[in-house]
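> Coordinates in data-v1.txt, compact mmCIF, C-alpha atoms (C1' of nucleotides), are listed below.
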# COMPACT_ATOMS: atom_id res chain seq x y z
CA MET V 1 6.07 19.73 -27.62
CA THR V 2 5.06 17.71 -24.60
CA GLU V 3 6.67 20.38 -22.49
CA ASN V 4 6.04 20.68 -18.79
CA GLN V 5 2.67 22.30 -18.91
CA PRO V 6 2.78 24.86 -16.07
CA LYS V 7 -0.94 25.32 -15.58
CA LYS V 8 -3.52 22.73 -16.35
CA PRO V 9 -6.06 21.87 -13.68
CA SER V 10 -7.54 19.32 -16.03
CA LYS V 11 -9.95 16.64 -14.97
CA SER V 12 -7.37 13.91 -14.98
CA ASP V 13 -5.03 15.78 -12.68
CA ARG V 14 -7.57 15.71 -9.91
CA THR V 15 -8.08 11.98 -10.29
CA ARG V 16 -4.34 11.52 -10.28
CA ALA V 17 -4.09 13.52 -7.07
CA GLN V 18 -6.91 11.54 -5.48
CA ILE V 19 -5.16 8.27 -6.23
CA LEU V 20 -1.88 9.57 -4.85
CA GLU V 21 -3.53 10.81 -1.68
CA ALA V 22 -5.32 7.49 -1.16
CA ALA V 23 -2.07 5.64 -1.78
CA ARG V 24 -0.14 7.78 0.70
CA LEU V 25 -2.79 7.17 3.34
CA LEU V 26 -2.90 3.41 2.88
CA PHE V 27 0.85 2.93 2.43
CA ALA V 28 1.43 4.90 5.62
CA GLU V 29 -1.13 2.84 7.48
CA HIS V 30 -0.52 -0.69 6.20
CA GLY V 31 2.80 -0.67 4.37
CA TYR V 32 3.67 -1.66 0.82
CA ASP V 33 2.47 -5.25 1.00
CA GLY V 34 -0.51 -4.50 3.18
CA ALA V 35 -2.02 -1.95 0.82
CA SER V 36 -3.17 -3.50 -2.45
CA ILE V 37 -3.89 -1.57 -5.61
CA ARG V 38 -7.50 -2.61 -5.20
CA ASP V 39 -7.53 -1.07 -1.73
CA VAL V 40 -6.08 2.16 -3.06
CA ALA V 41 -8.64 2.24 -5.85
CA ALA V 42 -11.49 1.69 -3.40
CA GLN V 43 -10.17 4.42 -1.12
CA ALA V 44 -10.09 6.77 -4.10
CA SER V 45 -13.51 5.59 -5.32
CA ILE V 46 -12.05 4.61 -8.65
CA ASP V 47 -11.42 1.52 -10.74
CA PRO V 48 -8.25 -0.46 -10.02
CA ALA V 49 -7.29 -0.25 -13.67
CA MET V 50 -7.11 3.54 -13.41
CA VAL V 51 -4.40 3.28 -10.79
CA ILE V 52 -2.20 1.42 -13.25
CA ARG V 53 -3.15 3.82 -16.03
CA TYR V 54 -2.06 6.91 -14.12
CA PHE V 55 0.94 5.31 -12.48
CA ARG V 56 2.50 2.57 -14.51
CA SER V 57 2.84 0.01 -11.74
CA LYS V 58 2.51 -0.43 -8.00
CA ASP V 59 6.22 0.12 -7.60
CA GLU V 60 6.01 3.43 -9.40
CA LEU V 61 2.97 4.46 -7.38
CA PHE V 62 4.87 3.69 -4.21
CA ALA V 63 7.88 5.64 -5.43
CA ARG V 64 5.66 8.65 -6.11
CA ALA V 65 3.96 8.30 -2.72
CA ALA V 66 7.18 7.86 -0.76
CA VAL V 67 8.62 11.28 -1.47
CA VAL V 68 10.09 12.87 1.64
CA ASP V 69 11.34 16.38 2.21
CA LEU V 70 12.22 16.82 5.87
CA GLN V 71 12.97 20.54 5.49
CA LEU V 72 15.37 20.38 8.38
CA PRO V 73 16.50 23.82 9.54
CA ALA V 74 20.08 24.72 8.75
CA LEU V 75 21.96 24.28 12.01
CA ARG V 76 24.48 26.94 12.95
CA VAL V 77 27.49 26.58 15.17
CA ILE V 78 26.37 29.85 16.71
CA ASP V 79 23.28 28.31 18.33
CA ARG V 80 25.31 25.40 19.55
CA SER V 81 23.39 24.91 22.78
CA THR V 82 19.96 24.61 21.18
CA ILE V 83 20.71 22.14 18.42
CA GLY V 84 19.14 19.16 20.18
CA GLU V 85 15.97 21.07 20.95
CA THR V 86 15.76 22.38 17.41
CA LEU V 87 16.00 18.88 16.00
CA ILE V 88 13.41 17.29 18.26
CA ARG V 89 10.99 20.17 17.69
CA ARG V 90 11.28 19.72 13.95
CA PHE V 91 10.80 15.98 14.42
CA LEU V 92 7.48 16.55 16.16
CA GLU V 93 6.42 18.95 13.44
CA ILE V 94 7.24 16.39 10.74
CA TRP V 95 5.33 13.59 12.42
CA GLU V 96 2.42 15.45 13.94
CA GLY V 97 2.18 18.74 12.06
CA ALA V 98 -0.60 19.21 9.53
CA ALA V 99 1.71 20.60 6.86
CA SER V 100 4.06 17.63 6.57
CA GLY V 101 2.56 14.62 4.85
CA PRO V 102 2.88 10.98 5.90
CA GLY V 103 6.04 10.54 3.83
CA MET V 104 8.21 9.31 6.66
CA ALA V 105 5.52 6.95 7.91
CA ILE V 106 5.27 5.48 4.43
CA LEU V 107 8.99 4.83 4.26
CA LEU V 108 9.45 3.60 7.81
CA ARG V 109 6.41 1.33 7.65
CA SER V 110 7.77 -0.53 4.64
CA ALA V 111 11.53 -0.21 5.13
CA THR V 112 11.83 -3.37 7.21
CA SER V 113 10.54 -5.66 4.48
CA ASN V 114 10.89 -3.67 1.28
CA GLU V 115 14.38 -3.03 -0.03
CA PHE V 116 13.32 -0.06 -2.14
CA ALA V 117 11.85 1.69 0.88
CA ALA V 118 14.96 0.87 2.90
CA GLU V 119 17.19 2.33 0.21
CA LYS V 120 15.00 5.42 0.01
CA LEU V 121 15.28 5.86 3.77
CA ARG V 122 19.06 5.54 3.59
CA ASP V 123 18.94 8.24 0.92
CA VAL V 124 16.98 10.53 3.21
CA PHE V 125 19.63 9.96 5.86
CA ALA V 126 22.55 10.61 3.50
CA ASN V 127 21.06 13.61 1.70
CA GLN V 128 18.93 15.33 4.32
CA VAL V 129 20.02 14.34 7.83
CA ARG V 130 23.74 13.87 7.52
CA PRO V 131 24.49 17.20 5.81
CA VAL V 132 22.60 19.10 8.49
CA VAL V 133 24.60 17.46 11.26
CA ALA V 134 27.80 17.86 9.28
CA ALA V 135 27.34 21.63 9.34
CA VAL V 136 27.98 21.73 13.08
CA ALA V 137 30.25 18.72 13.62
CA ASP V 138 33.77 17.64 12.80
CA PRO V 139 33.49 16.28 9.24
CA ALA V 140 35.22 13.10 10.34
CA ASP V 141 32.51 12.44 12.92
CA ALA V 142 29.52 13.71 10.97
CA GLY V 143 28.41 10.29 9.77
CA ARG V 144 28.53 8.68 13.16
CA ARG V 145 26.86 11.64 14.85
CA ALA V 146 24.09 11.75 12.27
CA GLY V 147 23.71 7.98 12.64
CA LEU V 148 23.29 8.25 16.39
CA VAL V 149 20.79 11.08 15.98
CA SER V 150 18.83 9.01 13.48
CA SER V 151 18.83 5.96 15.72
CA GLN V 152 17.11 7.96 18.45
CA LEU V 153 14.67 9.69 16.16
CA LEU V 154 13.70 6.61 14.15
CA GLY V 155 13.31 4.67 17.38
CA LEU V 156 11.06 7.32 18.83
CA ALA V 157 9.00 7.34 15.63
CA MET V 158 8.74 3.57 15.72
CA CYS V 159 7.60 3.44 19.32
CA ARG V 160 5.24 6.41 19.19
CA TYR V 161 3.69 6.32 15.72
CA LEU V 162 4.05 2.82 14.33
CA LEU V 163 4.31 0.42 17.25
CA ARG V 164 2.32 2.73 19.50
CA LEU V 165 3.86 1.74 22.81
CA PRO V 166 1.36 3.20 25.29
CA PRO V 167 3.87 5.02 27.55
CA VAL V 168 5.58 6.55 24.52
CA VAL V 169 2.28 7.59 22.98
CA ALA V 170 1.35 9.22 26.27
CA LEU V 171 4.45 11.43 26.35
CA SER V 172 3.65 15.12 25.95
CA HIS V 173 5.58 17.28 23.53
CA ASP V 174 7.33 18.95 26.43
CA GLU V 175 8.36 15.66 27.95
CA ILE V 176 9.78 14.55 24.63
CA ILE V 177 11.65 17.80 24.12
CA GLN V 178 13.06 17.78 27.64
CA ASN V 179 14.18 14.16 27.52
CA VAL V 180 15.17 13.49 23.93
CA GLY V 181 16.51 16.97 23.22
CA PRO V 182 19.61 16.56 25.42
CA THR V 183 20.30 13.17 23.83
CA LEU V 184 20.30 14.66 20.34
CA GLN V 185 22.38 17.56 21.61
CA ARG V 186 25.08 15.21 22.86
CA TYR V 187 24.98 13.05 19.75
CA ALA V 188 25.22 16.06 17.43
CA VAL V 189 27.85 18.19 19.13
CA GLY V 190 28.81 16.61 22.48
CA GLU V 191 32.06 14.88 23.32
CA GLU V 192 32.51 11.11 23.09
CA VAL V 193 31.30 9.63 19.79
CA SER V 194 34.65 7.97 19.12
CA MET L 1 -2.84 -39.70 28.53
CA THR L 2 -1.43 -37.30 25.94
CA GLU L 3 0.79 -35.90 28.67
CA ASN L 4 3.79 -33.73 27.94
CA GLN L 5 6.19 -36.43 26.89
CA PRO L 6 9.48 -35.36 28.50
CA LYS L 7 11.89 -37.37 26.37
CA LYS L 8 11.24 -38.38 22.81
CA PRO L 9 13.90 -37.52 20.23
CA SER L 10 11.72 -39.06 17.57
CA LYS L 11 12.19 -38.58 13.89
CA SER L 12 9.43 -36.04 13.58
CA ASP L 13 10.87 -33.80 16.26
CA ARG L 14 13.95 -33.17 14.19
CA THR L 15 11.89 -32.27 11.16
CA ARG L 16 9.83 -29.99 13.32
CA ALA L 17 12.99 -28.31 14.59
CA GLN L 18 14.32 -27.94 11.04
CA ILE L 19 11.16 -26.22 9.93
CA LEU L 20 11.22 -23.89 12.91
CA GLU L 21 14.85 -23.00 12.34
CA ALA L 22 14.23 -22.30 8.66
CA ALA L 23 11.19 -20.20 9.56
CA ARG L 24 13.10 -18.16 12.13
CA LEU L 25 15.85 -17.48 9.59
CA LEU L 26 13.49 -16.38 6.81
CA PHE L 27 11.09 -14.44 9.03
CA ALA L 28 14.04 -12.55 10.50
CA GLU L 29 15.41 -11.79 7.06
CA HIS L 30 12.28 -11.02 5.03
CA GLY L 31 9.44 -10.52 7.48
CA TYR L 32 6.09 -12.24 7.75
CA ASP L 33 4.79 -11.33 4.30
CA GLY L 34 8.14 -11.70 2.57
CA ALA L 35 8.70 -15.27 3.72
CA SER L 36 6.21 -17.70 2.20
CA ILE L 37 5.51 -21.17 3.50
CA ARG L 38 6.95 -22.49 0.27
CA ASP L 39 10.16 -20.58 0.97
CA VAL L 40 10.36 -22.02 4.47
CA ALA L 41 9.78 -25.51 3.13
CA ALA L 42 12.50 -25.09 0.53
CA GLN L 43 14.92 -23.77 3.15
CA ALA L 44 14.17 -26.84 5.27
CA SER L 45 14.36 -29.17 2.25
CA ILE L 46 10.86 -30.39 2.91
CA ASP L 47 7.44 -30.38 1.33
CA PRO L 48 5.28 -27.28 1.92
CA ALA L 49 2.45 -29.47 3.15
CA MET L 50 4.63 -30.67 6.00
CA VAL L 51 4.97 -27.16 7.32
CA ILE L 52 1.19 -26.99 7.73
CA ARG L 53 1.10 -30.47 9.18
CA TYR L 54 3.57 -29.71 11.94
CA PHE L 55 2.33 -26.20 12.61
CA ARG L 56 -1.32 -25.72 11.90
CA SER L 57 -1.03 -22.52 9.89
CA LYS L 58 1.41 -19.80 8.90
CA ASP L 59 0.16 -17.65 11.75
CA GLU L 60 0.89 -20.38 14.26
CA LEU L 61 4.30 -21.02 12.74
CA PHE L 62 5.09 -17.35 13.06
CA ALA L 63 3.87 -17.33 16.65
CA ARG L 64 6.18 -20.25 17.45
CA ALA L 65 9.09 -18.59 15.67
CA ALA L 66 8.60 -15.19 17.28
CA VAL L 67 9.31 -16.25 20.83
CA VAL L 68 11.56 -13.79 22.62
CA ASP L 69 13.28 -14.05 25.97
CA LEU L 70 15.55 -11.07 26.46
CA GLN L 71 16.99 -12.40 29.73
CA LEU L 72 17.68 -8.89 30.89
CA PRO L 73 19.80 -8.76 34.04
CA ALA L 74 18.00 -7.69 37.19
CA LEU L 75 19.05 -4.10 37.77
CA ARG L 76 19.90 -3.06 41.30
CA VAL L 77 19.72 0.38 42.79
CA ILE L 78 23.11 -0.39 44.26
CA ASP L 79 24.86 -0.30 40.87
CA ARG L 80 23.06 2.87 39.95
CA SER L 81 25.89 4.37 37.91
CA THR L 82 26.34 1.39 35.58
CA ILE L 83 22.74 0.75 34.60
CA GLY L 84 23.04 2.34 31.15
CA GLU L 85 26.17 0.40 30.36
CA THR L 86 24.63 -2.83 31.59
CA LEU L 87 21.62 -2.35 29.34
CA ILE L 88 23.53 -1.53 26.17
CA ARG L 89 25.92 -4.42 26.71
CA ARG L 90 23.03 -6.82 27.04
CA PHE L 91 21.51 -5.26 23.90
CA LEU L 92 24.63 -6.05 21.88
CA GLU L 93 24.66 -9.58 23.26
CA ILE L 94 21.03 -10.10 22.24
CA TRP L 95 21.52 -8.83 18.69
CA GLU L 96 25.03 -10.06 17.94
CA GLY L 97 25.70 -12.85 20.41
CA ALA L 98 25.62 -16.44 19.20
CA ALA L 99 23.45 -17.65 22.06
CA SER L 100 20.46 -15.40 21.48
CA GLY L 101 18.36 -16.30 18.48
CA PRO L 102 16.90 -13.94 15.91
CA GLY L 103 13.71 -13.51 17.93
CA MET L 104 13.87 -9.75 18.17
CA ALA L 105 14.71 -9.41 14.49
CA ILE L 106 11.69 -11.53 13.64
CA LEU L 107 9.38 -9.32 15.68
CA LEU L 108 10.87 -5.99 14.68
CA ARG L 109 10.99 -6.89 10.99
CA SER L 110 7.27 -7.59 10.89
CA ALA L 111 5.92 -5.30 13.59
CA THR L 112 5.43 -2.36 11.23
CA SER L 113 2.96 -4.17 9.01
CA ASN L 114 1.72 -7.10 11.08
CA GLU L 115 -0.51 -6.36 14.04
CA PHE L 116 0.23 -9.66 15.74
CA ALA L 117 3.96 -8.96 15.69
CA ALA L 118 3.34 -5.45 16.94
CA GLU L 119 1.25 -6.74 19.82
CA LYS L 120 3.89 -9.32 20.63
CA LEU L 121 6.52 -6.59 20.71
CA ARG L 122 4.39 -4.49 23.04
CA ASP L 123 4.14 -7.58 25.25
CA VAL L 124 7.92 -7.90 25.35
CA PHE L 125 8.09 -4.28 26.40
CA ALA L 126 5.43 -4.62 29.10
CA ASN L 127 6.60 -7.94 30.51
CA GLN L 128 10.37 -7.90 30.05
CA VAL L 129 11.64 -4.34 29.65
CA ARG L 130 9.36 -2.31 31.85
CA PRO L 131 9.68 -4.45 34.97
CA VAL L 132 13.47 -4.28 34.79
CA VAL L 133 13.43 -0.50 34.60
CA ALA L 134 10.75 -0.33 37.27
CA ALA L 135 13.11 -2.02 39.71
CA VAL L 136 15.36 1.02 39.80
CA ALA L 137 12.95 3.87 39.05
CA ASP L 138 10.07 5.65 40.71
CA PRO L 139 7.08 3.42 39.90
CA ALA L 140 5.16 6.43 38.64
CA ASP L 141 7.88 7.09 36.04
CA ALA L 142 8.73 3.50 35.18
CA GLY L 143 6.57 3.33 32.08
CA ARG L 144 7.89 6.54 30.60
CA ARG L 145 11.48 5.69 31.45
CA ALA L 146 11.17 2.21 29.96
CA GLY L 147 9.53 3.73 26.90
CA LEU L 148 12.39 6.14 26.37
CA VAL L 149 14.92 3.35 26.83
CA SER L 150 13.04 1.25 24.28
CA SER L 151 12.86 4.09 21.79
CA GLN L 152 16.65 4.35 21.79
CA LEU L 153 17.27 0.62 21.69
CA LEU L 154 14.71 -0.18 19.01
CA GLY L 155 15.98 2.75 16.96
CA LEU L 156 19.53 1.51 17.22
CA ALA L 157 18.42 -1.99 16.21
CA MET L 158 16.49 -0.57 13.26
CA CYS L 159 19.42 1.48 11.99
CA ARG L 160 22.14 -1.09 12.60
CA TYR L 161 20.53 -4.46 11.89
CA LEU L 162 17.46 -3.91 9.73
CA LEU L 163 17.95 -0.68 7.82
CA ARG L 164 21.72 -1.04 7.92
CA LEU L 165 22.64 2.63 7.84
CA PRO L 166 26.35 2.48 6.95
CA PRO L 167 27.64 4.82 9.71
CA VAL L 168 25.62 2.94 12.32
CA VAL L 169 26.77 -0.44 11.05
CA ALA L 170 30.35 0.82 11.24
CA LEU L 171 30.10 1.72 14.92
CA SER L 172 32.27 -0.47 17.14
CA HIS L 173 30.91 -2.02 20.31
CA ASP L 174 32.92 0.42 22.37
CA GLU L 175 31.59 3.41 20.48
CA ILE L 176 28.04 2.19 20.99
CA ILE L 177 28.59 1.58 24.68
CA GLN L 178 30.25 4.96 25.22
CA ASN L 179 27.61 6.92 23.33
CA VAL L 180 24.35 5.11 23.91
CA GLY L 181 25.14 3.96 27.43
CA PRO L 182 24.86 7.45 28.96
CA THR L 183 21.59 8.01 27.13
CA LEU L 184 20.07 4.87 28.63
CA GLN L 185 21.51 5.82 32.00
CA ARG L 186 19.72 9.15 31.94
CA TYR L 187 16.48 7.67 30.65
CA ALA L 188 16.47 4.91 33.27
CA VAL L 189 17.50 6.77 36.38
CA GLY L 190 18.41 10.37 35.51
CA GLU L 191 16.43 13.49 36.32
CA GLU L 192 13.96 15.04 33.87
CA VAL L 193 11.48 12.55 32.35
CA SER L 194 8.50 14.57 33.48
C1' DT W 1 6.67 -61.15 9.48
C1' DC W 2 2.65 -58.36 9.48
C1' DC W 3 -0.02 -54.57 10.34
C1' DA W 4 -0.97 -50.01 12.06
C1' DT W 5 0.82 -45.64 12.81
C1' DT W 6 3.76 -42.22 11.41
C1' DT W 7 6.02 -39.58 7.89
C1' DG W 8 6.38 -37.80 3.44
C1' DT W 9 4.72 -36.72 -1.60
C1' DC W 10 1.81 -34.86 -4.99
C1' DA W 11 -1.70 -32.31 -7.21
C1' DA W 12 -5.05 -29.30 -6.77
C1' DC W 13 -8.51 -25.93 -4.50
C1' DG W 14 -9.96 -21.21 -3.87
C1' DA W 15 -8.49 -16.67 -2.89
C1' DT W 16 -5.91 -12.58 -3.78
C1' DC W 17 -2.73 -10.09 -6.23
C1' DG W 18 -0.70 -6.90 -10.16
C1' DT W 19 -1.66 -6.11 -14.66
C1' DT W 20 -3.79 -6.02 -19.34
C1' DG W 21 -6.90 -5.24 -23.22
C1' DA W 22 -11.30 -4.48 -25.15
C1' DC W 23 -15.04 -1.80 -24.60
C1' DT W 24 -18.18 2.29 -23.37
C1' DT W 25 -18.93 6.84 -21.77
C1' DT W 26 -17.72 11.62 -21.33
C1' DC W 27 -15.62 15.70 -22.67
C1' DT W 28 -13.84 19.07 -25.93
C1' DA W 29 -11.88 21.25 -30.18
C1' DG W 30 -13.03 22.63 -34.83
C1' DC H 1 -23.05 19.40 -34.33
C1' DT H 2 -19.64 16.12 -34.85
C1' DA H 3 -15.46 13.55 -34.88
C1' DG H 4 -11.69 12.27 -32.04
C1' DA H 5 -9.34 12.10 -27.87
C1' DA H 6 -9.61 11.51 -23.04
C1' DA H 7 -11.50 9.25 -19.05
C1' DG H 8 -13.63 5.47 -17.01
C1' DT H 9 -15.64 0.51 -16.82
C1' DC H 10 -15.44 -4.35 -16.99
C1' DA H 11 -13.82 -8.96 -17.26
C1' DA H 12 -10.21 -11.71 -17.45
C1' DC H 13 -5.09 -13.28 -17.60
C1' DG H 14 -1.31 -15.55 -15.19
C1' DA H 15 1.13 -15.82 -11.01
C1' DT H 16 1.60 -16.65 -6.15
C1' DC H 17 -0.22 -17.62 -1.92
C1' DG H 18 -2.07 -20.57 2.25
C1' DT H 19 -4.21 -24.69 2.73
C1' DT H 20 -6.27 -29.34 1.94
C1' DG H 21 -6.99 -34.20 0.94
C1' DA H 22 -5.80 -38.39 -1.32
C1' DC H 23 -2.25 -41.40 -1.64
C1' DA H 24 2.53 -43.74 -1.20
C1' DA H 25 6.53 -44.88 1.62
C1' DA H 26 8.72 -45.78 5.83
C1' DT H 27 8.82 -47.10 10.43
C1' DG H 28 8.30 -49.80 14.55
C1' DG H 29 5.99 -52.83 17.89
C1' DA H 30 3.46 -57.46 18.24
Just give me the structure as structure tokens.


Amino acid sequence: MTENQPKKPSKSDRTRAQILEAARLLFAEHGYDGASIRDVAAQASIDPAMVIRYFRSKDELFARAAVVDLQLPALRVIDRSTIGETLIRRFLEIWEGAASGPGMAILLRSATSNEFAAEKLRDVFANQVRPVVAAVADPADAGRRAGLVSSQLLGLAMCRYLLRLPPVVALSHDEIIQNVGPTLQRYAVGEEVS
Amino acid sequence: MTENQPKKPSKSDRTRAQILEAARLLFAEHGYDGASIRDVAAQASIDPAMVIRYFRSKDELFARAAVVDLQLPALRVIDRSTIGETLIRRFLEIWEGAASGPGMAILLRSATSNEFAAEKLRDVFANQVRPVVAAVADPADAGRRAGLVSSQLLGLAMCRYLLRLPPVVALSHDEIIQNVGPTLQRYAVGEEVS
DNA sequence: TCCATTTGTCAACGATCGTTGACTTTCTAG
DNA sequence: CTAGAAAGTCAACGATCGTTGACAAATGGA
């Protein structure tokens, strides 16, 4: 009873999906504080009360909207020389590809002033970024290396997609790959670090 | 008449300074939306109405609080090999030195959800970062090079001071200089870029 | 000392927010 | 067809916010 119903394209499910899509769009664009429940409702052409009915609160709606699955490729020591390029290519796919949603934008947009979003972003780092780097690095250095990689990638995302610094927006994919790739390569598997 | 009075340590000026200091602290910590005028007033042990009296509105208070002067050293082509190290050392001074205020934290904390802060940050880039890089780079590449430098530095600031990713917080100054310095060096004056 | 300017206090305004409950409409199972 | 559940509408609540204006206290120059 009350099992996970596997198939059920009921009426309410579509409304629920509409609300979630509207929320993801507005949270990604304006952040947690900047997107009100009334805004989300308007974007979904629905009554504000419905948003609360389907998701219990704004916090819960945000938590549902801020789901991130980076699907980073498993790095192999074998392909040691192409690790940086692999990472930056996946980064561009996440941020500009049609398949990936605005999950990272949602988190990054709110992480500076919303502790829940910040914690969620630290979780993404610990559970999705760090393990991937750890697969090709000395376990003792994995945290620092993954941290350095993240600093470059989050900074690029900030400048290009959120802050929209004109020269960074103007960079072509090839320019990004050729310039940032080697940085990630060195951070992930190069010397130095400590 | 109504000239810029050069000396006047009047009573009100101290109150004004107290409010501004409280505002800078809270804006840096919680961002524009997260820091209310009532919070600022409480932090300054003053009535909320006074905040509006001394600064005309919250927007104007934020504008006064978000003043940034990076005081970046003039780079010289002569010292070509130490440019990256010079930049990252100045970065650490700005973010952790006692002299520099929390100006950058104020801007970065709010730039993701406040268009004024974002614009102000783009101004800092255009007027303070880009010219410094332009002094040692091909003018045609200066924007892109400065953009890449900024992506790394803003990302590091995000991870270390705002998001507080544990492995990035744990990095020592020397580790940061040794790892990030070469990245900035290559972005500022290395090959590639385009 | 007296008066005018400055400085500070207090209460309230209108707006917006998240959230709730009562109500009506629509859909569907028996 | 009909009763009951599901889905949607509407108005309002309490809270917080930026901001304002009326008023009291303090200050300082004549």

> If we count only C-alpha atoms (C1' of nucleotides), what is near DT7 of chain W at a cut-off of 9 Å, once residues fewer than 5 positions away on the same chain are taken out, given as a VMD selection string?

(chain L and resid 11 to 12) or (chain H and resid 25 to 27)

> What is the atom CA of Val51 of chain V to atom CA of Arg16 of chain V distance in Å?

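According to the coordinates, atom CA of Val51 of chain V and atom CA of Arg16 of chain V are separated by 8.3 Å.
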
> Contacts of Gly103 of chain V at 10 Å or less, counting all atoms listed in the file, minus same-chain residues fewer than 2 places along, as number ranges by chain?

V: 24-25, 27-28, 65-70, 94-95, 100-101, 105-109

> Please provide the set of residues having any atom within 10 Å of Ile176 of chain L, restricted to all atoms listed in the file, with same-chain residues fewer than 4 positions apart removed, written as a list in words.

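My list of contacting residues is Leu148, Val193 and Ser194 of chain V; Glu85, Ile88, Arg89, Leu92, Leu156, Val168, Leu171, Ser172, Val180 and Gly181 of chain L.
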
> To one decimal place in Å, what is the distance between atom C1' of DA5 of chain H and atom CA of Asp59 of chain V?

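Calculated distance between atom C1' of DA5 of chain H and atom CA of Asp59 of chain V is 28.2 Å.
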
> Counting only C-alpha atoms (C1' of nucleotides), what is within 9 Å of Lys120 of chain V, bar same-chain residues fewer than 2 positions away, as a PDB file with C-alpha atoms, in the coordinates of the input?


ATOM      1  CA  ALA V  63       7.880   5.640  -5.430  1.00  0.00           C
ATOM      2  CA  ALA V  66       7.180   7.860  -0.760  1.00  0.00           C
ATOM      3  CA  VAL V  67       8.620  11.280  -1.470  1.00  0.00           C
ATOM      4  CA  LEU V 107       8.990   4.830   4.260  1.00  0.00           C
ATOM      5  CA  ALA V 111      11.530  -0.210   5.130  1.00  0.00           C
ATOM      6  CA  GLU V 115      14.380  -3.030  -0.030  1.00  0.00           C
ATOM      7  CA  PHE V 116      13.320  -0.060  -2.140  1.00  0.00           C
ATOM      8  CA  ALA V 117      11.850   1.690   0.880  1.00  0.00           C
ATOM      9  CA  ALA V 118      14.960   0.870   2.900  1.00  0.00           C
ATOM     10  CA  ARG V 122      19.060   5.540   3.590  1.00  0.00           C
ATOM     11  CA  ASP V 123      18.940   8.240   0.920  1.00  0.00           C
ATOM     12  CA  VAL V 124      16.980  10.530   3.210  1.00  0.00           C
ATOM     13  CA  PHE V 125      19.630   9.960   5.860  1.00  0.00           C
TER      14      PHE V 125
END

> When you get a sec, could you note down which chain V residues fall within 7 Å of chain L, using all atoms listed in the file, as number ranges by chain?

V: 30-31, 34, 109, 111-113, 118, 122, 143-144, 147, 151-152, 154-156, 159, 162-163, 165, 167-168, 175, 178-179, 183, 192-194

> Selected residues, C-alpha atoms, written as a PDB file, keeping the file's coordinate frame, please.


ATOM      1  CA  HIS V  30      -0.520  -0.690   6.200  1.00  0.00           C
ATOM      2  CA  GLY V  31       2.800  -0.670   4.370  1.00  0.00           C
ATOM      3  CA  GLY V  34      -0.510  -4.500   3.180  1.00  0.00           C
ATOM      4  CA  ARG V 109       6.410   1.330   7.650  1.00  0.00           C
ATOM      5  CA  ALA V 111      11.530  -0.210   5.130  1.00  0.00           C
ATOM      6  CA  THR V 112      11.830  -3.370   7.210  1.00  0.00           C
ATOM      7  CA  SER V 113      10.540  -5.660   4.480  1.00  0.00           C
ATOM      8  CA  ALA V 118      14.960   0.870   2.900  1.00  0.00           C
ATOM      9  CA  ARG V 122      19.060   5.540   3.590  1.00  0.00           C
ATOM     10  CA  GLY V 143      28.410  10.290   9.770  1.00  0.00           C
ATOM     11  CA  ARG V 144      28.530   8.680  13.160  1.00  0.00           C
ATOM     12  CA  GLY V 147      23.710   7.980  12.640  1.00  0.00           C
ATOM     13  CA  SER V 151      18.830   5.960  15.720  1.00  0.00           C
ATOM     14  CA  GLN V 152      17.110   7.960  18.450  1.00  0.00           C
ATOM     15  CA  LEU V 154      13.700   6.610  14.150  1.00  0.00           C
ATOM     16  CA  GLY V 155      13.310   4.670  17.380  1.00  0.00           C
ATOM     17  CA  LEU V 156      11.060   7.320  18.830  1.00  0.00           C
ATOM     18  CA  CYS V 159       7.600   3.440  19.320  1.00  0.00           C
ATOM     19  CA  LEU V 162       4.050   2.820  14.330  1.00  0.00           C
ATOM     20  CA  LEU V 163       4.310   0.420  17.250  1.00  0.00           C
ATOM     21  CA  LEU V 165       3.860   1.740  22.810  1.00  0.00           C
ATOM     22  CA  PRO V 167       3.870   5.020  27.550  1.00  0.00           C
ATOM     23  CA  VAL V 168       5.580   6.550  24.520  1.00  0.00           C
ATOM     24  CA  GLU V 175       8.360  15.660  27.950  1.00  0.00           C
ATOM     25  CA  GLN V 178      13.060  17.780  27.640  1.00  0.00           C
ATOM     26  CA  ASN V 179      14.180  14.160  27.520  1.00  0.00           C
ATOM     27  CA  THR V 183      20.300  13.170  23.830  1.00  0.00           C
ATOM     28  CA  GLU V 192      32.510  11.110  23.090  1.00  0.00           C
ATOM     29  CA  VAL V 193      31.300   9.630  19.790  1.00  0.00           C
ATOM     30  CA  SER V 194      34.650   7.970  19.120  1.00  0.00           C
TER      31      SER V 194
END

> Dump as a PDB file with C-alpha atoms (C1' of nucleotides), in the frame of the given file the residues of chain W that approach chain V to within 10 Å, counting only C-alpha atoms (C1' of nucleotides).


ATOM      1  C1'  DT W  16      -5.910 -12.580  -3.780  1.00  0.00           C
ATOM      2  C1'  DC W  17      -2.730 -10.090  -6.230  1.00  0.00           C
ATOM      3  C1'  DG W  18      -0.700  -6.900 -10.160  1.00  0.00           C
ATOM      4  C1'  DT W  19      -1.660  -6.110 -14.660  1.00  0.00           C
ATOM      5  C1'  DT W  20      -3.790  -6.020 -19.340  1.00  0.00           C
ATOM      6  C1'  DC W  27     -15.620  15.700 -22.670  1.00  0.00           C
TER       7       DC W  27
END

> What gap, in Å, lies between atom CA of Leu72 of chain V and atom CA of Asp138 of chain V?

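The value is 19.1 Å.
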